[in-house]
$ cat upload-v4.txt   # compact mmCIF, C-alpha atoms
# COMPACT_ATOMS: atom_id res chain seq x y z
CA MET A 1 64.31 140.67 228.58
CA ARG A 2 67.18 138.63 230.05
CA ARG A 3 68.04 140.76 233.08
CA ARG A 4 64.62 141.94 234.27
CA ARG A 5 62.63 138.98 232.86
CA TRP A 6 59.70 141.19 231.98
CA LEU A 7 59.09 139.20 228.79
CA THR A 8 59.57 135.66 227.63
CA ARG A 9 61.59 135.05 224.48
CA GLU A 10 58.39 134.09 222.68
CA GLN A 11 56.68 137.35 223.68
CA PHE A 12 59.69 139.36 222.57
CA LEU A 13 59.70 137.67 219.17
CA ASP A 14 55.94 138.25 218.84
CA TYR A 15 56.38 141.96 219.45
CA LEU A 16 59.35 142.08 217.11
CA GLY A 17 57.30 140.47 214.37
CA ALA A 18 54.42 142.84 215.07
CA THR A 19 56.57 145.91 214.50
CA ASN A 20 57.41 144.68 211.00
CA LEU A 21 53.74 144.70 210.04
CA ILE A 22 53.10 148.39 210.71
CA PRO A 23 54.84 151.51 209.37
CA GLY A 24 57.26 153.50 211.45
CA PRO A 25 60.52 153.05 213.39
CA ASN A 26 60.72 149.43 214.47
CA SER A 27 62.91 149.96 217.54
CA THR A 28 60.62 152.70 218.88
CA GLU A 29 57.50 150.65 218.22
CA LEU A 30 59.03 147.66 219.99
CA ALA A 31 59.66 149.83 223.07
CA ILE A 32 56.07 151.12 222.91
CA HIS A 33 54.69 147.56 222.64
CA ILE A 34 56.71 146.47 225.67
CA GLY A 35 55.60 149.52 227.65
CA ARG A 36 51.95 148.76 226.95
CA ALA A 37 52.41 145.10 227.84
CA ARG A 38 53.98 146.01 231.19
CA ALA A 39 51.93 149.01 232.29
CA GLY A 40 48.97 149.53 229.96
CA TRP A 41 48.29 152.92 228.40
CA PRO A 42 50.57 154.89 230.76
CA GLY A 43 53.36 152.44 229.99
CA LEU A 44 52.81 152.92 226.26
CA PHE A 45 53.47 156.66 226.50
CA VAL A 46 56.23 156.48 229.12
CA ALA A 47 58.22 153.80 227.27
CA GLY A 48 57.96 155.59 223.93
CA ALA A 49 58.82 159.01 225.32
CA CYS A 50 61.78 157.73 227.35
CA PHE A 51 63.12 155.87 224.32
CA ILE A 52 62.92 158.97 222.10
CA LEU A 53 63.72 161.89 224.40
CA PRO A 54 67.47 161.37 225.14
CA ALA A 55 68.36 161.05 221.46
CA THR A 56 66.18 164.05 220.61
CA LEU A 57 67.98 166.24 223.14
CA ILE A 58 71.42 165.12 221.95
CA VAL A 59 70.56 165.69 218.29
CA SER A 60 69.05 169.11 219.08
CA ALA A 61 72.27 170.14 220.84
CA ILE A 62 74.34 169.02 217.86
CA ALA A 63 71.99 170.87 215.52
CA TRP A 64 72.47 174.04 217.57
CA MET A 65 76.25 173.68 217.27
CA TYR A 66 75.92 172.94 213.56
CA THR A 67 73.91 176.09 212.88
CA ARG A 68 76.32 178.15 214.97
CA TYR A 69 79.67 176.68 213.95
CA GLY A 70 78.98 174.62 210.85
CA ALA A 71 80.71 177.09 208.55
CA LEU A 72 84.07 176.80 210.35
CA PRO A 73 86.81 174.95 208.43
CA GLN A 74 87.12 172.35 211.20
CA ALA A 75 83.39 171.56 211.10
CA ALA A 76 83.42 171.39 207.31
CA GLY A 77 86.38 169.01 207.50
CA VAL A 78 84.58 166.70 209.93
CA LEU A 79 81.53 166.51 207.68
CA TYR A 80 83.74 166.01 204.60
CA GLY A 81 85.15 162.84 206.17
CA VAL A 82 81.94 161.58 207.78
CA LYS A 83 79.70 161.69 204.69
CA PRO A 84 81.54 158.93 202.77
CA VAL A 85 81.29 156.72 205.85
CA VAL A 86 77.53 157.31 205.97
CA ILE A 87 77.24 156.24 202.34
CA ALA A 88 79.18 153.04 203.14
CA VAL A 89 76.94 152.35 206.15
CA VAL A 90 73.79 152.74 204.05
CA LEU A 91 75.22 150.48 201.33
CA GLN A 92 76.07 147.86 203.95
CA ALA A 93 72.50 148.05 205.26
CA LEU A 94 71.21 147.67 201.71
CA TRP A 95 73.33 144.57 201.17
CA SER A 96 72.28 142.98 204.46
CA LEU A 97 68.58 143.80 204.12
CA GLY A 98 68.53 142.94 200.42
CA ARG A 99 69.74 139.39 201.01
CA THR A 100 66.83 138.90 203.41
CA ALA A 101 64.13 140.70 201.44
CA VAL A 102 64.92 139.58 197.87
CA ARG A 103 64.70 135.82 198.32
CA SER A 104 62.85 134.68 195.18
CA VAL A 105 62.75 135.32 191.44
CA PRO A 106 59.48 137.34 191.59
CA LEU A 107 60.88 139.51 194.37
CA ALA A 108 64.08 140.05 192.39
CA ALA A 109 62.02 141.09 189.37
CA LEU A 110 59.99 143.39 191.60
CA ALA A 111 63.21 144.92 192.93
CA ILE A 112 64.35 145.76 189.39
CA ALA A 113 60.97 147.23 188.51
CA THR A 114 60.77 149.37 191.64
CA VAL A 115 64.30 150.70 191.23
CA THR A 116 63.42 151.67 187.66
CA ALA A 117 60.17 153.29 188.73
CA ALA A 118 61.85 155.31 191.48
CA ALA A 119 64.77 156.32 189.24
CA VAL A 120 62.52 157.74 186.51
CA GLY A 121 60.54 159.88 188.94
CA GLY A 122 57.81 157.66 190.36
CA HIS A 123 56.24 158.97 193.54
CA GLU A 124 57.59 157.04 196.51
CA LEU A 125 54.12 156.32 197.96
CA VAL A 126 52.95 154.91 194.63
CA VAL A 127 56.07 152.76 194.40
CA LEU A 128 55.40 151.30 197.86
CA ALA A 129 51.67 150.80 197.31
CA GLY A 130 52.17 149.38 193.82
CA ALA A 131 54.76 146.88 195.01
CA GLY A 132 52.52 145.65 197.82
CA ALA A 133 49.52 145.37 195.49
CA LEU A 134 51.47 143.46 192.87
CA MET A 135 52.77 140.91 195.36
CA ALA A 136 49.25 140.46 196.75
CA LEU A 137 48.03 139.87 193.20
CA ALA A 138 50.85 137.41 192.62
CA ARG A 139 49.86 135.56 195.77
CA LEU A 140 46.22 135.38 194.70
CA ARG A 141 47.17 134.22 191.22
CA ARG A 142 50.09 132.00 192.11
CA HIS A 143 48.85 129.26 189.82
CA ASP A 144 49.82 131.43 186.85
CA ASN A 145 53.55 132.20 187.04
CA ARG A 146 53.54 134.11 183.78
CA SER A 147 50.94 136.60 185.00
CA ARG A 148 53.01 137.10 188.17
CA LEU A 149 56.06 138.24 186.27
CA ALA A 150 54.25 139.98 183.45
CA ALA A 151 52.49 142.29 185.91
CA LEU A 152 55.74 143.66 187.32
CA PRO A 153 56.55 146.12 184.50
CA LEU A 154 53.16 147.75 185.16
CA LEU A 155 54.70 149.22 188.31
CA THR A 156 56.93 151.47 186.26
CA THR A 157 53.99 152.82 184.27
CA VAL A 158 51.78 153.37 187.31
CA ALA A 159 54.50 154.86 189.49
CA THR A 160 55.64 157.34 186.90
CA GLY A 161 52.07 158.55 186.55
CA VAL A 162 52.36 160.35 189.89
CA THR A 163 55.27 162.79 190.07
CA ALA A 164 56.26 165.65 192.31
CA THR A 165 53.33 167.86 193.19
CA ALA A 166 55.30 170.85 194.40
CA GLY A 167 58.22 171.46 192.14
CA ALA A 168 58.67 175.12 193.06
CA MET A 169 59.81 176.66 196.31
CA ALA A 170 57.07 176.40 198.93
CA PRO A 171 56.92 178.70 201.98
CA PHE A 172 58.15 177.10 205.20
CA GLY A 173 55.83 176.81 208.17
CA LEU A 174 55.56 174.67 211.28
CA TRP A 175 52.24 173.12 210.27
CA PRO A 176 53.49 172.12 206.80
CA LEU A 177 56.63 170.74 208.49
CA PHE A 178 54.46 168.74 210.88
CA GLY A 179 52.42 167.43 207.94
CA VAL A 180 55.51 166.27 206.06
CA PHE A 181 56.86 164.25 208.97
CA VAL A 182 53.48 162.83 210.01
CA LYS A 183 53.12 161.53 206.46
CA ILE A 184 56.60 160.01 206.52
CA GLY A 185 56.04 158.36 209.90
CA ALA A 186 52.68 156.99 208.76
CA VAL A 187 53.82 155.31 205.53
CA LEU A 188 57.46 154.36 206.00
CA PHE A 189 58.09 150.62 205.99
CA GLY A 190 61.44 148.86 206.16
CA SER A 191 64.76 150.05 207.52
CA GLY A 192 65.14 153.47 209.07
CA TYR A 193 67.44 154.30 206.19
CA VAL A 194 64.38 154.43 203.91
CA LEU A 195 63.74 157.71 205.72
CA LEU A 196 66.41 159.23 203.47
CA ALA A 197 64.33 158.62 200.37
CA PHE A 198 61.24 160.28 201.83
CA MET A 199 63.11 163.23 203.28
CA ARG A 200 64.96 163.83 200.03
CA ALA A 201 61.77 163.59 197.99
CA ASP A 202 59.85 166.04 200.20
CA LEU A 203 62.38 168.41 201.74
CA VAL A 204 64.98 168.60 198.95
CA GLU A 205 63.19 167.94 195.66
CA ARG A 206 59.58 169.05 196.18
CA LEU A 207 59.69 171.76 198.84
CA HIS A 208 63.34 172.86 198.43
CA TRP A 209 63.67 173.52 202.14
CA LEU A 210 66.96 171.60 202.50
CA THR A 211 69.97 171.06 200.27
CA GLU A 212 71.56 167.70 199.48
CA ARG A 213 74.46 168.64 201.76
CA GLN A 214 72.19 169.46 204.69
CA LEU A 215 70.33 166.17 204.26
CA LEU A 216 73.60 164.24 204.29
CA ASP A 217 74.68 166.12 207.40
CA ALA A 218 71.37 165.28 209.08
CA VAL A 219 71.83 161.60 208.26
CA ALA A 220 75.39 161.67 209.59
CA VAL A 221 74.20 163.11 212.91
CA GLY A 222 71.37 160.58 213.16
CA GLN A 223 73.87 157.80 212.52
CA VAL A 224 76.45 158.76 215.16
CA THR A 225 74.05 159.60 217.99
CA PRO A 226 72.38 156.99 220.22
CA GLY A 227 68.73 156.22 219.71
CA PRO A 228 66.53 155.72 216.65
CA LEU A 229 67.73 156.95 213.26
CA PHE A 230 64.42 158.79 212.94
CA THR A 231 65.93 161.58 215.06
CA THR A 232 67.40 162.68 211.74
CA ALA A 233 64.04 164.47 211.53
CA THR A 234 64.91 166.38 214.71
CA PHE A 235 68.08 167.70 213.13
CA ALA A 236 66.30 168.69 209.92
CA GLY A 237 63.53 170.38 211.89
CA TYR A 238 66.07 172.39 213.90
CA LEU A 239 67.80 173.57 210.72
CA LEU A 240 64.48 174.74 209.34
CA GLY A 241 62.74 176.17 212.39
CA GLY A 242 65.06 176.18 215.39
CA PRO A 243 63.93 174.50 218.64
CA ALA A 244 60.26 174.75 217.63
CA GLY A 245 61.00 173.11 214.29
CA ALA A 246 62.93 170.32 216.02
CA ALA A 247 60.03 169.65 218.38
CA VAL A 248 57.43 169.72 215.60
CA ALA A 249 59.42 167.42 213.31
CA THR A 250 60.11 164.96 216.15
CA ILE A 251 56.48 164.81 217.28
CA GLY A 252 55.31 164.51 213.69
CA ILE A 253 57.50 161.57 212.72
CA PHE A 254 57.03 159.57 215.94
CA LEU A 255 53.30 160.24 216.55
CA PRO A 256 52.07 157.62 214.04
CA ALA A 257 54.11 154.94 215.82
CA PHE A 258 52.15 155.50 219.05
CA VAL A 259 48.85 155.45 217.14
CA PHE A 260 49.64 152.30 215.16
CA VAL A 261 50.82 150.37 218.20
CA ALA A 262 47.73 151.44 220.15
CA ILE A 263 45.21 150.34 217.53
CA SER A 264 46.93 147.37 215.92
CA GLY A 265 47.37 145.03 218.87
CA PRO A 266 44.20 142.92 218.40
CA LEU A 267 44.71 142.71 214.63
CA LEU A 268 48.34 141.64 214.54
CA PRO A 269 47.84 137.89 215.19
CA ARG A 270 45.45 137.70 212.23
CA LEU A 271 47.75 139.71 209.98
CA ARG A 272 50.75 137.54 210.82
CA GLY A 273 48.78 134.46 209.77
CA SER A 274 47.51 135.93 206.49
CA PRO A 275 49.45 134.83 203.37
CA THR A 276 48.14 137.85 201.45
CA ALA A 277 49.25 140.29 204.16
CA ALA A 278 52.65 138.60 204.21
CA ALA A 279 52.90 139.00 200.42
CA VAL A 280 52.03 142.70 200.69
CA LEU A 281 54.70 143.16 203.33
CA ASP A 282 57.26 141.38 201.13
CA GLY A 283 56.49 143.72 198.26
CA VAL A 284 56.60 146.85 200.40
CA ASN A 285 59.93 145.82 201.92
CA VAL A 286 61.47 145.29 198.48
CA ALA A 287 60.13 148.65 197.30
CA SER A 288 61.59 150.32 200.40
CA LEU A 289 65.01 148.95 199.50
CA ALA A 290 64.55 150.19 195.92
CA LEU A 291 63.94 153.70 197.22
CA MET A 292 67.10 153.37 199.32
CA VAL A 293 69.11 152.38 196.24
CA VAL A 294 68.03 155.43 194.27
CA VAL A 295 68.51 157.96 197.05
CA THR A 296 71.88 156.45 198.02
CA TRP A 297 73.04 156.92 194.44
CA GLU A 298 72.02 160.58 194.50
CA LEU A 299 73.54 161.26 197.92
CA GLY A 300 76.68 159.38 196.97
CA ARG A 301 77.23 161.79 194.10
CA ALA A 302 77.19 164.63 196.64
CA ALA A 303 79.44 162.87 199.19
CA LEU A 304 82.06 161.13 197.01
CA VAL A 305 83.62 164.19 195.44
CA ASP A 306 87.27 163.13 195.07
CA MET A 307 89.67 160.21 195.45
CA LEU A 308 90.01 160.64 199.22
CA THR A 309 86.28 160.46 199.90
CA LEU A 310 85.98 157.49 197.56
CA ALA A 311 88.82 155.74 199.43
CA VAL A 312 87.17 156.46 202.81
CA ALA A 313 83.90 154.97 201.55
CA LEU A 314 85.59 151.85 200.15
CA ILE A 315 87.66 151.20 203.28
CA SER A 316 84.60 151.75 205.48
CA GLY A 317 82.61 149.31 203.36
CA VAL A 318 85.29 146.62 203.69
CA LEU A 319 85.53 147.11 207.45
CA LEU A 320 81.75 146.90 207.80
CA LEU A 321 81.21 143.87 205.60
CA ARG A 322 84.35 141.85 206.31
CA TYR A 323 85.25 142.73 209.89
CA ARG A 324 81.89 143.94 211.29
CA VAL A 325 83.44 147.10 212.75
CA ASN A 326 80.95 149.24 214.64
CA SER A 327 79.78 152.12 212.45
CA ALA A 328 80.32 154.64 215.27
CA TRP A 329 84.07 153.95 215.16
CA LEU A 330 84.08 154.35 211.40
CA VAL A 331 82.29 157.69 211.66
CA LEU A 332 84.88 158.82 214.21
CA GLY A 333 87.67 157.70 211.87
CA GLY A 334 86.07 159.54 208.96
CA ALA A 335 85.87 162.70 211.07
CA LEU A 336 89.58 162.45 211.88
CA VAL A 337 90.43 161.95 208.21
CA GLY A 338 88.35 165.00 207.36
CA LEU A 339 90.07 167.11 210.01
CA LEU A 340 93.53 166.09 208.77
CA ALA A 341 92.54 166.82 205.17
CA ALA A 342 91.27 170.26 206.18
CA ALA A 343 94.47 171.01 208.11
CA MET A 344 96.66 170.09 205.13
CA ARG A 345 94.88 172.41 202.72

$ encode --input "upload-v4.txt" --output "structure tokens"
Amino acid sequence: MRRRRWLTREQFLDYLGATNLIPGPNSTELAIHIGRARAGWPGLFVAGACFILPATLIVSAIAWMYTRYGALPQAAGVLYGVKPVVIAVVLQALWSLGRTAVRSVPLAALAIATVTAAAVGGHELVVLAGAGALMALARLRRHDNRSRLAALPLLTTVATGVTATAGAMAPFGLWPLFGVFVKIGAVLFGSGYVLLAFMRADLVERLHWLTERQLLDAVAVGQVTPGPLFTTATFAGYLLGGPAGAAVATIGIFLPAFVFVAISGPLLPRLRGSPTAAAVLDGVNVASLALMVVVTWELGRAALVDMLTLAVALISGVLLLRYRVNSAWLVLGGALVGLLAAAMR
């Protein structure tokens, strides 16, 4: 924007606001919006593909090395030290996003209700939809504060009414894998870290295709590589189906972003000016953070296994919150700690 002057500051902020109103990876959608603004439909595809492709190739190469050498003591040591850092990074994101999203008493009450609903087994899609619907209802009935707060506990009841639909092992296939990631890309609001909640719910709990450890490793790789965090899907797809699985998962999770940007342009100015749409977005963002809280708790139990990993997580959290250290340096430090710990055993 500054160097090439392709956009004014006002246009950039308009596109940034637009990406927050549709599901999917915000950074990727912003690149797609800019590509369409500069070069029409060809620009839409070129900008999106160029933004995604380098990270996809890097993550695929790391996934190949992981599947080939991941069982070596050195590789296990690296992951042992990196996982606590990832937990600290996610917690820092939760803190930062939470202060922005939970800015009123009704939203705080909604946050408590959605965390409860997610913790007791509510389906993540129902949690998101229920939170958005409740905030829209609160907006429409704002003259009655008691009804606004009294409706919030209903989320727990509704969300727990839809539980996992595939509790047993399901056979792996490329089309089912594509379906899982298309669904995630089409409904995921909020930070890219919310991806963890959806991937854990589908790939670990319902389909049993990945383990908690593999999911944490996928998140660690997505965190340390350049590009959108959604390339975590590339890593997971490679673990499950090799290069074909990586390609299918990547296309699946990013495809909705292209579709939403393409069809939403004329509608976005109206949506931005709608108080009801803004209320729905507020509710969905809070529910996304609630899903992050629950999944971070579960992944933290798998990553923080002893005093050393707990210390790495605490120190990383302090460095992130107090000194704003870049997370890439913290991941590198965690890897070194893990290597030293492995060498001393």

$ residues_around --input "upload-v4.txt" --residues "Ala111 (chain A)" --least-positions-apart "4" --cutoff "10 Å" --atoms "all atoms listed in the file" --output "JSON, numbers by chain"
{"A": [98, 101, 102, 105, 106, 107, 115, 116, 117, 131, 152, 283, 285, 286, 287, 288, 289, 290, 291]}

$ residues_around --input "upload-v4.txt" --residues "Val294 (chain A)" --least-positions-apart "6" --cutoff "8 Å" --atoms "all atoms listed in the file" --output "PyMOL selection string"
chain A and resi 115+118-119+197

$ write_last_selection --input "upload-v4.txt" --atoms "C-alpha atoms" --output "PDB file, in the frame of the given file"
ATOM      1  CA  VAL A 115      64.300 150.700 191.230  1.00  0.00           C
ATOM      2  CA  ALA A 118      61.850 155.310 191.480  1.00  0.00           C
ATOM      3  CA  ALA A 119      64.770 156.320 189.240  1.00  0.00           C
ATOM      4  CA  ALA A 197      64.330 158.620 200.370  1.00  0.00           C
TER       5      ALA A 197
END

$ residues_around --input "upload-v4.txt" --residues "region 50-54 of chain A" --least-positions-apart "3" --cutoff "10 Å" --atoms "all atoms listed in the file" --output "CSV table (one decimal) with C-alpha atoms, in the coordinates of the input"
chain,number,residue,atom,x,y,z
A,27,SER,CA,62.9,150.0,217.5
A,28,THR,CA,60.6,152.7,218.9
A,29,GLU,CA,57.5,150.6,218.2
A,31,ALA,CA,59.7,149.8,223.1
A,32,ILE,CA,56.1,151.1,222.9
A,45,PHE,CA,53.5,156.7,226.5
A,46,VAL,CA,56.2,156.5,229.1
A,47,ALA,CA,58.2,153.8,227.3
A,57,LEU,CA,68.0,166.2,223.1
A,58,ILE,CA,71.4,165.1,222.0
A,59,VAL,CA,70.6,165.7,218.3
A,60,SER,CA,69.0,169.1,219.1
A,225,THR,CA,74.0,159.6,218.0
A,226,PRO,CA,72.4,157.0,220.2
A,227,GLY,CA,68.7,156.2,219.7
A,228,PRO,CA,66.5,155.7,216.6
A,230,PHE,CA,64.4,158.8,212.9
A,231,THR,CA,65.9,161.6,215.1
A,250,THR,CA,60.1,165.0,216.2
A,251,ILE,CA,56.5,164.8,217.3
A,254,PHE,CA,57.0,159.6,215.9

$ residues_around --input "upload-v4.txt" --residues "Phe198 (chain A)" --least-positions-apart "2" --cutoff "10 Å" --atoms "all atoms listed in the file" --output "list in words"
His123, Glu124, Leu125, Val180, Phe181, Lys183, Ile184, Gly185, Val187, Leu188, Tyr193, Val194, Leu195, Leu196, Arg200, Ala201, Asp202, Leu203, Val204, Leu291, Met292 and Val295 of chain A

$ closest_residue --input "upload-v4.txt" --among "A:Leu299, A:Val293, A:Ile263, A:Ala279" --to "Leu97 (chain A)" --atoms "only C-alpha atoms"
A:Val293

$ closest_residue --input "upload-v4.txt" --among "A:Met65, A:Ala343, A:Ala246, A:Val305" --to "Leu174 (chain A)" --atoms "all atoms listed in the file"
A:Ala246

$ axis_aligned_box --input "upload-v4.txt" --around "region 28-47 of chain A" --padding-each-side "3 Å" --output "JSON"
{"center_x": 54.5, "center_y": 150.9, "center_z": 225.3, "size_x": 18.3, "size_y": 17.6, "size_z": 20.1}

$ decode --input "upload-v4.txt" --residues "region 110-120 of chain A" --atoms "all heavy atoms" --output "mmCIF file, in the first residue's frame"
data_model
loop_
_atom_site.group_PDB
_atom_site.id
_atom_site.type_symbol
_atom_site.label_atom_id
_atom_site.label_comp_id
_atom_site.auth_asym_id
_atom_site.auth_seq_id
_atom_site.Cartn_x
_atom_site.Cartn_y
_atom_site.Cartn_z
ATOM 1 N N LEU A 110 -21.997 -14.116 27.304
ATOM 2 C CA LEU A 110 -22.003 -15.024 26.157
ATOM 3 C C LEU A 110 -20.734 -15.862 26.120
ATOM 4 O O LEU A 110 -20.767 -17.058 25.804
ATOM 5 C CB LEU A 110 -22.154 -14.232 24.862
ATOM 6 C CG LEU A 110 -22.193 -15.050 23.574
ATOM 7 C CD1 LEU A 110 -23.443 -15.912 23.521
ATOM 8 C CD2 LEU A 110 -22.120 -14.139 22.355
ATOM 9 N N ALA A 111 -19.592 -15.237 26.439
ATOM 10 C CA ALA A 111 -18.326 -15.969 26.450
ATOM 11 C C ALA A 111 -18.381 -17.122 27.446
ATOM 12 O O ALA A 111 -17.953 -18.243 27.149
ATOM 13 C CB ALA A 111 -17.174 -15.023 26.791
ATOM 14 N N ILE A 112 -18.913 -16.873 28.637
ATOM 15 C CA ILE A 112 -19.017 -17.926 29.649
ATOM 16 C C ILE A 112 -19.934 -19.039 29.164
ATOM 17 O O ILE A 112 -19.633 -20.237 29.306
ATOM 18 C CB ILE A 112 -19.525 -17.337 30.976
ATOM 19 C CG1 ILE A 112 -18.499 -16.354 31.539
ATOM 20 C CG2 ILE A 112 -19.824 -18.445 31.988
ATOM 21 C CD1 ILE A 112 -18.999 -15.567 32.723
ATOM 22 N N ALA A 113 -21.059 -18.654 28.571
ATOM 23 C CA ALA A 113 -22.010 -19.660 28.095
ATOM 24 C C ALA A 113 -21.428 -20.512 26.973
ATOM 25 O O ALA A 113 -21.615 -21.731 26.930
ATOM 26 C CB ALA A 113 -23.291 -18.972 27.617
ATOM 27 N N THR A 114 -20.697 -19.875 26.049
ATOM 28 C CA THR A 114 -20.155 -20.634 24.924
ATOM 29 C C THR A 114 -19.010 -21.546 25.355
ATOM 30 O O THR A 114 -18.861 -22.652 24.832
ATOM 31 C CB THR A 114 -19.683 -19.683 23.811
ATOM 32 O OG1 THR A 114 -18.872 -18.650 24.376
ATOM 33 C CG2 THR A 114 -20.861 -19.063 23.096
ATOM 34 N N VAL A 115 -18.185 -21.085 26.304
ATOM 35 C CA VAL A 115 -17.146 -21.963 26.827
ATOM 36 C C VAL A 115 -17.773 -23.184 27.482
ATOM 37 O O VAL A 115 -17.329 -24.319 27.286
ATOM 38 C CB VAL A 115 -16.251 -21.208 27.840
ATOM 39 C CG1 VAL A 115 -15.381 -22.185 28.618
ATOM 40 C CG2 VAL A 115 -15.364 -20.207 27.114
ATOM 41 N N THR A 116 -18.827 -22.965 28.253
ATOM 42 C CA THR A 116 -19.520 -24.088 28.906
ATOM 43 C C THR A 116 -20.106 -25.042 27.876
ATOM 44 O O THR A 116 -19.965 -26.266 27.996
ATOM 45 C CB THR A 116 -20.632 -23.551 29.819
ATOM 46 O OG1 THR A 116 -20.074 -22.646 30.767
ATOM 47 C CG2 THR A 116 -21.330 -24.692 30.543
ATOM 48 N N ALA A 117 -20.758 -24.477 26.866
ATOM 49 C CA ALA A 117 -21.370 -25.313 25.837
ATOM 50 C C ALA A 117 -20.334 -26.153 25.103
ATOM 51 O O ALA A 117 -20.531 -27.343 24.856
ATOM 52 C CB ALA A 117 -22.139 -24.431 24.848
ATOM 53 N N ALA A 118 -19.214 -25.528 24.743
ATOM 54 C CA ALA A 118 -18.162 -26.260 24.033
ATOM 55 C C ALA A 118 -17.526 -27.309 24.931
ATOM 56 O O ALA A 118 -17.210 -28.422 24.482
ATOM 57 C CB ALA A 118 -17.105 -25.294 23.518
ATOM 58 N N ALA A 119 -17.342 -26.988 26.220
ATOM 59 C CA ALA A 119 -16.675 -27.913 27.133
ATOM 60 C C ALA A 119 -17.493 -29.163 27.397
ATOM 61 O O ALA A 119 -16.938 -30.241 27.616
ATOM 62 C CB ALA A 119 -16.355 -27.211 28.456
ATOM 63 N N VAL A 120 -18.827 -29.039 27.372
ATOM 64 C CA VAL A 120 -19.668 -30.201 27.670
ATOM 65 C C VAL A 120 -20.055 -30.975 26.418
ATOM 66 O O VAL A 120 -20.880 -31.885 26.477
ATOM 67 C CB VAL A 120 -20.935 -29.795 28.443
ATOM 68 C CG1 VAL A 120 -20.578 -29.154 29.767
ATOM 69 C CG2 VAL A 120 -21.807 -28.850 27.603
#
